[in-house]
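S.K.: This is the content of input-v6.csv (CSV, C-alpha atoms):
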```csv
chain,number,residue,atom,x,y,z
A,1,MET,CA,47.7,43.6,18.7
A,2,LYS,CA,45.0,41.4,17.0
A,3,LYS,CA,42.8,39.3,19.4
A,4,ALA,CA,42.3,35.6,18.6
A,5,PHE,CA,40.4,32.7,20.1
A,6,THR,CA,42.2,30.7,22.7
A,7,LEU,CA,42.2,26.9,22.3
A,8,ILE,CA,39.8,26.6,25.3
A,9,GLU,CA,37.4,29.1,23.8
A,10,LEU,CA,37.5,27.3,20.4
A,11,LEU,CA,36.8,23.9,22.1
A,12,VAL,CA,33.8,25.5,24.0
A,13,VAL,CA,32.3,26.8,20.8
A,14,ILE,CA,32.8,23.4,19.1
A,15,ALA,CA,31.1,21.7,22.1
A,16,ILE,CA,28.2,24.0,22.0
A,17,ILE,CA,27.7,23.4,18.3
A,18,ALA,CA,27.8,19.6,18.9
A,19,ILE,CA,25.2,19.9,21.6
A,20,LEU,CA,22.9,22.0,19.4
A,21,ALA,CA,23.3,19.5,16.5
A,22,ALA,CA,22.5,16.6,18.8
A,23,ILE,CA,19.3,18.4,19.9
A,24,LEU,CA,18.2,19.7,16.5
A,25,PHE,CA,19.0,16.7,14.2
A,26,PRO,CA,16.4,14.4,15.8
A,27,VAL,CA,13.9,17.3,15.6
A,28,PHE,CA,14.6,17.7,11.9
A,29,ALA,CA,14.2,14.0,11.4
A,30,GLN,CA,10.9,13.9,13.2
A,31,ALA,CA,9.7,16.9,11.2
A,32,LYS,CA,10.7,15.2,7.9
A,33,GLU,CA,8.8,12.0,8.9
A,34,ALA,CA,5.7,14.0,9.9
A,35,ALA,CA,5.8,15.6,6.5
A,36,LYS,CA,6.0,12.2,4.8
A,37,LYS,CA,3.1,10.9,6.9
A,38,ALA,CA,1.0,13.9,6.0
A,39,ALA,CA,1.8,13.5,2.3
A,40,CYS,CA,0.8,9.8,2.6
A,41,LEU,CA,-2.5,10.7,4.3
A,42,SER,CA,-3.2,13.2,1.5
A,43,ASN,CA,-2.5,10.4,-1.0
A,44,SER,CA,-5.2,8.3,0.7
A,45,ARG,CA,-7.7,11.1,0.5
A,46,GLN,CA,-7.0,11.6,-3.2
A,47,LEU,CA,-7.3,7.8,-3.9
A,48,ASP,CA,-10.6,7.7,-2.1
A,49,LEU,CA,-11.9,10.6,-4.2
A,50,GLY,CA,-10.7,8.8,-7.4
A,51,VAL,CA,-12.6,5.7,-6.5
A,52,ILE,CA,-15.7,7.7,-5.8
A,53,LEU,CA,-15.5,9.7,-9.0
A,54,TYR,CA,-15.0,6.4,-11.0
A,55,SER,CA,-18.1,5.0,-9.4
A,56,ASP,CA,-20.0,8.1,-10.3
A,57,ASP,CA,-19.3,7.4,-13.9
A,58,TYR,CA,-20.4,3.7,-13.7
A,59,ASP,CA,-23.8,3.9,-11.9
A,60,ASP,CA,-22.1,3.8,-8.5
A,61,TYR,CA,-20.5,0.4,-9.1
A,62,LEU,CA,-17.0,0.0,-7.7
A,63,MET,CA,-14.0,-0.8,-10.0
A,64,PRO,CA,-12.5,-4.3,-10.0
A,65,VAL,CA,-9.2,-4.8,-8.4
A,66,ALA,CA,-7.7,-6.2,-11.6
A,67,ASP,CA,-8.9,-7.5,-15.0
A,68,PRO,CA,-8.9,-11.2,-15.9
A,69,THR,CA,-5.5,-11.0,-17.4
A,70,ASN,CA,-4.0,-9.0,-14.5
A,71,THR,CA,-2.8,-6.3,-17.0
A,72,ILE,CA,-5.2,-3.6,-16.0
A,73,LEU,CA,-5.2,-2.9,-12.2
A,74,TRP,CA,-7.4,-0.6,-10.1
A,75,THR,CA,-4.7,2.0,-10.1
A,76,ASP,CA,-4.9,2.1,-13.9
A,77,LEU,CA,-8.6,2.5,-13.9
A,78,GLU,CA,-8.4,5.3,-11.3
A,79,SER,CA,-5.6,7.2,-13.0
A,80,PRO,CA,-7.9,9.5,-15.0
A,81,TYR,CA,-9.5,10.6,-11.7
A,82,VAL,CA,-6.3,11.6,-9.7
A,83,LYS,CA,-3.8,14.3,-10.4
A,84,SER,CA,-0.9,12.0,-11.0
A,85,LYS,CA,0.3,8.4,-10.5
A,86,GLN,CA,2.6,9.6,-7.8
A,87,VAL,CA,-0.3,9.6,-5.3
A,88,GLN,CA,-0.2,5.8,-5.5
A,89,VAL,CA,3.2,5.7,-3.8
A,90,CYS,CA,3.7,6.6,-0.1
A,91,PRO,CA,6.9,8.8,0.4
A,92,ASP,CA,8.0,6.3,3.1
A,93,ASP,CA,7.6,3.3,0.7
A,94,GLN,CA,11.1,3.0,-0.7
A,95,ALA,CA,10.6,-0.2,-2.6
A,96,GLY,CA,7.1,-0.1,-4.0
A,97,THR,CA,5.4,1.2,-7.1
A,98,ILE,CA,1.9,0.9,-5.5
A,99,SER,CA,1.7,1.5,-1.7
A,100,TYR,CA,-2.0,1.1,-1.2
A,101,GLY,CA,-4.5,-1.7,-1.7
A,102,LEU,CA,-8.2,-2.0,-2.0
A,103,ASN,CA,-10.4,-3.8,0.5
A,104,SER,CA,-10.6,-7.3,-0.9
A,105,LEU,CA,-14.0,-8.0,0.8
A,106,VAL,CA,-15.9,-5.5,-1.3
A,107,PHE,CA,-13.8,-4.9,-4.4
A,108,VAL,CA,-14.0,-7.9,-6.8
A,109,ASP,CA,-10.8,-9.3,-8.2
A,110,LEU,CA,-11.3,-10.7,-11.7
A,111,PHE,CA,-7.8,-12.0,-12.0
A,112,GLY,CA,-7.7,-15.8,-12.2
A,113,LEU,CA,-11.4,-16.3,-12.6
A,114,PRO,CA,-12.6,-18.7,-15.3
A,115,ALA,CA,-13.3,-17.2,-18.7
A,116,GLY,CA,-16.8,-15.8,-18.9
A,117,THR,CA,-17.2,-15.4,-15.2
A,118,VAL,CA,-18.4,-11.9,-14.3
A,119,PRO,CA,-19.3,-11.7,-10.5
A,120,ALA,CA,-21.5,-8.9,-9.3
A,121,LEU,CA,-19.6,-5.7,-8.5
A,122,THR,CA,-20.4,-3.9,-5.3
A,123,ASN,CA,-22.5,-0.7,-5.5
A,124,MET,CA,-21.8,2.4,-3.3
A,125,SER,CA,-25.5,2.4,-2.3
A,126,GLN,CA,-24.9,-1.0,-0.4
A,127,PHE,CA,-22.8,0.4,2.4
A,128,ALA,CA,-24.6,0.8,5.7
A,129,PHE,CA,-21.8,2.7,7.4
A,130,PRO,CA,-19.6,4.3,4.7
A,131,SER,CA,-17.7,6.4,7.2
A,132,GLU,CA,-16.7,3.3,9.1
A,133,THR,CA,-15.9,1.0,6.2
A,134,VAL,CA,-12.3,0.8,4.9
A,135,MET,CA,-11.9,1.5,1.2
A,136,GLU,CA,-8.1,1.3,0.9
A,137,ALA,CA,-5.1,1.3,3.2
A,138,GLU,CA,-1.3,1.3,3.0
A,139,LEU,CA,-0.2,-2.3,2.4
A,140,GLY,CA,2.8,-4.5,2.0
A,141,THR,CA,3.3,-6.9,4.9
A,142,GLN,CA,2.9,-10.6,5.4
A,143,ASP,CA,0.8,-12.3,8.1
A,144,ASP,CA,3.0,-11.0,10.9
A,145,LEU,CA,2.2,-7.4,9.9
A,146,VAL,CA,5.9,-6.6,9.9
A,147,THR,CA,7.7,-8.6,7.1
A,148,PRO,CA,7.5,-6.5,3.9
A,149,ILE,CA,6.1,-7.6,0.6
A,150,ALA,CA,6.8,-5.2,-2.3
A,151,ASN,CA,4.5,-4.2,-5.2
A,152,THR,CA,1.2,-5.7,-4.0
A,153,TYR,CA,-2.2,-4.0,-4.7
A,154,LYS,CA,-4.9,-5.9,-2.9
A,155,LEU,CA,-5.6,-5.5,0.9
A,156,VAL,CA,-6.4,-8.8,2.4
A,157,VAL,CA,-9.0,-8.5,5.1
A,158,PRO,CA,-8.3,-9.9,8.6
A,159,ASP,CA,-10.3,-13.1,8.2
A,160,ASP,CA,-8.9,-14.1,4.8
A,161,ASP,CA,-5.6,-15.7,3.6
A,162,ILE,CA,-2.9,-14.2,1.4
A,163,ASN,CA,-3.7,-16.2,-1.8
A,164,ASP,CA,-1.2,-14.8,-4.3
A,165,VAL,CA,1.8,-12.5,-4.7
A,166,TYR,CA,-0.5,-9.5,-5.2
A,167,ASP,CA,-2.2,-9.8,-1.8
A,168,ALA,CA,-0.8,-8.3,1.4
A,169,ARG,CA,-1.8,-7.1,4.8
A,170,PRO,CA,-1.6,-3.5,6.0
A,171,SER,CA,1.7,-1.8,6.4
A,172,PHE,CA,2.3,0.4,9.5
A,173,ARG,CA,5.0,2.7,8.2
A,174,HIS,CA,4.3,5.7,10.4
A,175,SER,CA,5.1,5.1,14.1
A,176,ARG,CA,3.0,1.8,14.1
A,177,ARG,CA,0.2,3.5,12.2
A,178,SER,CA,-1.2,3.0,8.7
A,179,ASN,CA,-3.0,5.6,6.6
A,180,LEU,CA,-6.3,4.4,5.3
A,181,GLY,CA,-9.4,5.8,3.5
A,182,PHE,CA,-13.1,5.2,4.0
A,183,PHE,CA,-16.1,5.1,1.7
A,184,ASP,CA,-17.4,8.5,2.7
A,185,GLY,CA,-14.1,10.0,1.3
A,186,HIS,CA,-12.2,10.8,4.6
A,187,ALA,CA,-8.9,9.3,5.5
A,188,LYS,CA,-7.1,8.8,8.9
A,189,SER,CA,-4.1,7.2,10.5
A,190,LEU,CA,-4.8,4.2,12.7
A,191,LEU,CA,-3.1,1.6,14.8
A,192,ALA,CA,-3.6,-2.1,13.9
A,193,GLU,CA,-5.8,-2.7,16.9
A,194,GLN,CA,-8.1,0.1,15.9
A,195,PHE,CA,-9.3,-1.5,12.7
A,196,TYR,CA,-7.5,-4.8,11.9
A,197,THR,CA,-6.8,-7.0,14.9
A,198,GLY,CA,-9.0,-8.2,17.7
A,199,TRP,CA,-12.4,-7.4,16.3
A,200,THR,CA,-15.6,-9.5,16.3
A,201,PRO,CA,-16.5,-10.1,13.5
A,202,ALA,CA,-12.9,-10.1,12.4
A,203,ASP,CA,-13.7,-8.1,9.3
A,204,ALA,CA,-15.9,-5.6,11.1
A,205,TRP,CA,-14.2,-2.6,9.4
A,206,PHE,CA,-14.4,-4.1,6.0
A,207,CYS,CA,-18.0,-5.4,5.7
A,208,VAL,CA,-20.6,-3.8,3.5
A,209,ASP,CA,-22.9,-3.9,6.6
A,210,ARG,CA,-21.4,-5.1,9.9
A,211,THR,CA,-24.8,-5.7,11.3
A,212,ASN,CA,-25.4,-8.3,8.6
A,213,LEU,CA,-22.8,-10.9,9.2
A,214,SER,CA,-23.3,-12.5,5.7
A,215,THR,CA,-21.6,-9.4,4.3
A,216,CYS,CA,-18.6,-10.2,6.6
A,217,GLN,CA,-17.9,-13.5,5.0
A,218,THR,CA,-14.5,-13.6,3.2
A,219,PRO,CA,-14.6,-14.4,-0.5
A,220,ALA,CA,-13.2,-17.6,-1.7
A,221,GLY,CA,-9.8,-17.3,-3.3
A,222,PRO,CA,-9.3,-17.9,-7.0
```
Show me the file's structure as structure tokens.

M.R.:
Amino acid sequence: MKKAFTLIELLVVIAIIAILAAILFPVFAQAKEAAKKAACLSNSRQLDLGVILYSDDYDDYLMPVADPTNTILWTDLESPYVKSKQVQVCPDDQAGTISYGLNSLVFVDLFGLPAGTVPALTNMSQFAFPSETVMEAELGTQDDLVTPIANTYKLVVPDDDINDVYDARPSFRHSRRSNLGFFDGHAKSLLAEQFYTGWTPADAWFCVDRTNLSTCQTPAGP
């Protein structure tokens, strides 16, 4: 006589499987999110290196955020120095084509300036604390640091206003954290209060030299 599962035994097995699934699925989701966060942090490091390599080829001067016609962006200028355009998009950014923005306090934006106006570009040698000065960060929110703005490419510093559709504040996509890179080439994941809110001066993490408050003055909008 062949043995078979009883109904009770079958229900017990199904219950065990359901319990295991309830335990494991959140773990898998957390592991997937951790992988995306790590990939995004790696992107920040590569973008930092691309900016540094660009400056090496231009006497240590930083690239502009955009050209006067807004057709050539910093991401286009950096492309020859990074392995692919894909590093410009965070895996957790479902809507954007550019997930990171340059520090608007030190990177000059040529878009919208009068014809013939060529402001001085910042030089890498000017930074007093390169390991403590933000180069770029994940971006894409409005003033509330929550409401998303898609396809922006310039990171507005805390003490400045969003002046056009290409400006945005940091995006905190990873458990309230944003991945950002610094001028010495390293990248890390930080909470808003660790670099963006509640500082004196307000732009402390974005200045060329935070001990010289004149370098912490926000630029006038175009």

S.K.: Closest to Thr218 in chain A among A:Ala202, A:Ala66, A:Ala137, A:Val87, using all atoms listed in the file?

M.R.: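 Going through A:Ala202, A:Ala66, A:Ala137, A:Val87 one by one, the smallest distance to Thr218 in chain A is for A:Ala202.
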
S.K.: For CA of Thr75 in chain A and CA of Gln194 in chain A, determine how far apart the two atoms are, in Å to one decimal place.

M.R.: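 If I compute the distance from CA of Thr75 in chain A to CA of Gln194 in chain A, I get 26.3 Å.
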
S.K.: Could you give me, as a Markdown table, a per-residue list for range 108-136 of chain A showing, wherever an atom lies at most 12 Å from an atom of range 141-155 of chain A, the closest pair of atoms and their distance in Å to one decimal, using all atoms listed in the file and sorting by chain then residue number from low to high?

M.R.:
```
| residue | atom | partner | partner_atom | distance |
| --- | --- | --- | --- | --- |
| A:Val108 | CA | A:Lys154 | CA | 10.1 |
| A:Asp109 | CA | A:Lys154 | CA | 8.6 |
| A:Leu110 | CA | A:Lys154 | CA | 11.9 |
| A:Phe111 | CA | A:Lys154 | CA | 11.3 |
| A:Val134 | CA | A:Leu155 | CA | 10.0 |
| A:Met135 | CA | A:Leu155 | CA | 9.4 |
| A:Glu136 | CA | A:Leu155 | CA | 7.2 |
```

S.K.: Give me, as a PyMOL selection string, all polymer residues having an atom no more than 10 Å from range 173-190 of chain A, counting all atoms listed in the file and skipping those fewer than 5 positions away in the same chain.

M.R.: chain A and resi 33-34+36-38+40-52+90+92-93+100-102+124+127+129-140+146+195-196+205-206

S.K.: Work out how far CA of Thr211 in chain A is from CA of Ser55 in chain A, in Å to one decimal.

M.R.: 24.2 Å

S.K.: So how many Å separate CA of Thr69 in chain A and CA of Asp57 in chain A, to one decimal?

M.R.: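 CA of Thr69 in chain A sits 23.3 Å away from CA of Asp57 in chain A.
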
S.K.: Using all atoms listed in the file, which of the listed residues (A:Leu105, A:Ala39, A:Leu191, A:Pro170) sits closest to Ser214 in chain A?

M.R.: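 Residue with the minimum atom-to-atom distance to Ser214 in chain A: A:Leu105.
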
S.K.: Considering all atoms listed in the file, can you say which of A:Thr6, A:Thr97, A:Gly112, A:Ala15 comes closest to Asp164 in chain A?

M.R.: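 The shortest atom-to-atom distance to Asp164 in chain A comes from A:Gly112.
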
S.K.: I'd like to know which of A:Asn103, A:Leu10, A:Asp67, A:Val208 is closest to Val156 in chain A, using all atoms listed in the file.

M.R.: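 That would be A:Asn103, the residue with the smallest distance to Val156 in chain A.
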
S.K.: Quick one: residues within 8 Å of (1.1, 6.2, -7.9) (file frame), counting all atoms listed in the file, please, as a PyMOL selection string.

M.R.: chain A and resi 75+84-89+97-99
